[in-house]
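The block underneath contains the structure these notes are about, expressed in structure tokens.
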Amino acid sequence: MSLKRRVWLWLIAVIGLILVSDLSISYFKLKHELRKQTEYDARLVYGFMMATRRIYQNQFIESGVPLTGKTVGFLPAHSFSRIAHDFPNWNDSNLIFNNVSDQPRNPRNLADADELSAMKWFRANPAAKERLDTIRAADGKGYLLYSAPIWVEPFCLKCHGKAEEAPASIRENYDAAYDYQSGELRGLVSIKVPTATYERRFNEIWGQQLLKSLIGYSILLMVVGYLLESLVIRRIERLKAGAERIAAGHYEVRLPVRDEDELCQLGASFNDMAEQVSCREKELKAHRQHLEQLVDERTLQLSEAQQKAEQANRAKSAFLANMSHEIRTPLNAITGMAHLIRRGGLSSEQAQRLDKLEMAGQHLLETINAVLDLSKIEAGKLSLESIPLRLESIVENVCSMLQPKADEKGLQLRRELPDGLPLLLGDPTRLQQALLNFAGNALKFTDQGHVSIHIERLADENGVLTLRFSVLDTGIGIAPEVQSRLFAAFEQADSSTTRLYGGSGLGLTITRRIAEAMGGTVGVRSLPDQGSCFWFTVCLPQASGTLLEFSLQASDVLQQLRENCRQRRVLLVDDEPINREIAQALLEDAGLTPDIARDGVEASHLARLQNYDLILMDMQMPRMDGIEACRQIRQHSGNTRVRIVAMTANAFADDKARCLAAGMNDFLVKPIKPQDFYAQLLRWLS
């Protein structure tokens, strides 16, 4: 609401309130004054009546005139009745007055019901001098009844005392007006003033006063409103308009200042403010231009730094991918050749040496896998599956992998699981990896005693279980001052452990990140020479239905391949001769018929000439890589449904996604294990 409207509304409200108050006071004052005037008139008539009555009475008694039919009119009650009866002939005020009694000699003086009520009241209140009542007569007209008592006085007893003492003419004509007692109430003066006259007078005066008040206060409202608008509101509106122009950016605006009142002082302050705003705007503009220049420079620097960081990140990813590929490729040759050598039969000493060779290869593979896992985690590319799993199976898998090492060191490998664990949803591979990291470390740093795996239910809320996995050992323990940095990357209890026990220092960090990704955390409790307890928590929802679990040994898978898939045609695509030799030997052991392609060009050509049951495709090859070769094979109408499995040393998730996007059916990472290799063949050839 605008100030102008608000001022006028308040002004109307205030003056209206004053008007109502003034009219209310005038109304009740006028009513009171007219009532007092009416009472005064009634008392005036009362005085006239009493004076006339007494004078008539004294003159009649003192004159000694005998009472006759003609002189009876001079008696007080009679004379006043005659005056009251003749009064309307001389006056049109409708005033009614008389002296009345409940026992009159003259019927004209008989009191009516209101007057009888007044007499009764005066008898009950003998000290009262007068009484005023508003009454309604039988004709429906309203009156103000003024009544005053007529008490028997000593001079009244001259005629109304003892009968023998009364004048002879009185005694002869009246036989019942005697034996009055002084102070006895014999009647009252009754004066009835019509309220219609009083109300008509009130309406005339009140109407004139109401009209004058309305006109006067309306003029006052207009004059005060005009003064407020011209002296205050319009000047404030000019201030507002000036402020709006300054807010719109017109800093040159100034208000005229002519007087020295408060609003003019406000206008002068406004002009000072506008001047300061104008100066500051100029300074701000200069600062803004300088800041924009700095921001442009910083943005350019940040853009260059971001490009360098992205280049470094790409270089890091490319380096890790290349390192992974270059390490996995010879590892595949090492593990594959070891498998072929072991299959050919060995002496005991040769078998032991081959075991050590395979252990070294496995250690190297675990190291590169740990580095790649940490790289994925730091890049935010760690993705978790959500599939049904059983914790009992995960614990048994971990124990089966570690049991040979425990037996070798003479340690007990224990497990303790709560009863009634339900089927859960999660990533069994990552969960097994986290538990294996803890349990493997416990075996590594424990020379005697035992290693125990515990699972504990901490909470079950809305179908989500919070579980704690703990691995306890009786190993060397860890000093308290180094426990806080154990879960940082590349950290161990002290640097000497690397030389004594080996390890990259990445397993605990990876376990921490896996636990956090599953809504949990990690921790450790340990004392030197008293063993350790490493634990992590996860939150897993319960799964519905059942989980079908089965496990086949490599010999079982190989046997099924030989029985069910013999002579199936497989295209092996790989540019590395040793890897081709190993894969070809594994395929031929399974009774399959392999064709060889050394790059993508040969693979695409052979796929057009021959319908294959399965294609094993390497990724990095000269002339044409496996991605492009897969696309070209899929474009040929005869190869839209052929199964293509990537068999590559590129182990990143992005590599797998690219293979699947190009049309491949599955992804197998080198170095390949014969059991996993045969399982994939059986899956896609069945």
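Residue names in the structure tokens use chain letters A, B, ... in the order shown, residue numbers from 1 in each chain, and ligand numbers from 1 in the order shown.
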
Looking only at strand (DSSP E or B) from DSSP on the backbone, list the matching residues of range 585-634 of chain A as a list in words. Thr593, Pro594, Asp595, Ile596, Ala597, Leu614, Ile615, Leu616 and Met617 of chain A

Tell me which protein, DNA and RNA residues are within 9 Å of Arg430 in chain A, counting only C-alpha atoms, leaving out same-chain ones fewer than 2 positions away, and put them as a ChimeraX atom specification. /A:384-385,426-428,432-435,511,514

Nearest to Asp676 in chain A by atom-to-atom distance, counting only C-alpha atoms, from A:Val570, A:Ile510, A:Ile627, A:Val557: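 Of all the options, A:Val557 lies closest to Asp676 in chain A.
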
Got a sec: who's within 7 Å of Leu561 in chain A, counting only C-alpha atoms, leaving out chain neighbours fewer than 5 positions off, as an MDAnalysis selection string? chainID A and resid 566 590 682

Could you list, as an MDAnalysis selection string, every residue within 12 Å of range 278-291 of chain A, counting only C-alpha atoms and ignoring same-chain residues fewer than 4 positions away? chainID A and resid 246:247 249:254 271:274 295:299

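Ranking A:Leu417, A:Leu486, A:Cys539, A:Ala168 by their shortest atom-to-atom distance to Glu456 in chain A, with only C-alpha atoms included, puts A:Leu417 first.
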
Point-to-point distance from CA of Asp595 in chain A to CA of Arg569 in chain A, Å rounded to tenths: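 Rounded to one decimal, the two atoms are 7.5 Å apart.
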
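Of the residues under consideration (A:Glu184, A:Glu310, A:Glu199, A:Glu172), A:Glu199 shows the shortest atom-to-atom contact distance to Thr38 in chain A when counting only C-alpha atoms.
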
Can you tell me, as a ChimeraX atom specification, what residues are no more than 10 Å from range 117-122 of chain A when counting only C-alpha atoms, ignoring any on the same chain fewer than 6 positions away? /A:100-102,111,128-133,145-150,185-190

Selection to disk with C-alpha atoms, as a PDB file, in the first residue's frame:
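Output saved as result-v6.pdb:
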```
ATOM      1  CA  VAL A 100     -54.501  13.556  43.145  1.00  0.00           C
ATOM      2  CA  SER A 101     -55.257  11.155  45.945  1.00  0.00           C
ATOM      3  CA  ASP A 102     -56.252   7.569  46.488  1.00  0.00           C
ATOM      4  CA  ALA A 111     -55.019   8.985  41.122  1.00  0.00           C
ATOM      5  CA  ALA A 128     -38.068  11.694  49.440  1.00  0.00           C
ATOM      6  CA  LYS A 129     -39.013  15.100  48.058  1.00  0.00           C
ATOM      7  CA  GLU A 130     -39.843  14.163  44.462  1.00  0.00           C
ATOM      8  CA  ARG A 131     -39.805  11.368  41.911  1.00  0.00           C
ATOM      9  CA  LEU A 132     -39.322  11.202  38.119  1.00  0.00           C
ATOM     10  CA  ASP A 133     -40.583   8.302  35.986  1.00  0.00           C
ATOM     11  CA  LEU A 145     -44.127  11.798  35.301  1.00  0.00           C
ATOM     12  CA  TYR A 146     -42.990  14.237  37.980  1.00  0.00           C
ATOM     13  CA  SER A 147     -44.639  13.573  41.348  1.00  0.00           C
ATOM     14  CA  ALA A 148     -44.223  15.201  44.779  1.00  0.00           C
ATOM     15  CA  PRO A 149     -45.976  14.138  48.010  1.00  0.00           C
ATOM     16  CA  ILE A 150     -48.701  16.180  49.723  1.00  0.00           C
ATOM     17  CA  LEU A 185     -49.730  11.302  53.052  1.00  0.00           C
ATOM     18  CA  ARG A 186     -53.112  12.297  51.624  1.00  0.00           C
ATOM     19  CA  GLY A 187     -52.113  12.817  47.953  1.00  0.00           C
ATOM     20  CA  LEU A 188     -49.438  14.025  45.601  1.00  0.00           C
ATOM     21  CA  VAL A 189     -48.843  16.608  42.915  1.00  0.00           C
ATOM     22  CA  SER A 190     -48.771  14.869  39.509  1.00  0.00           C
TER      23      SER A 190
END
```

Residues within 10 Å of Leu75 in chain A, please, as a ChimeraX atom specification. Count only C-alpha atoms; anything in the same chain fewer than 5 positions from it doesn't count. /A:53-54,56-61,67,80-81
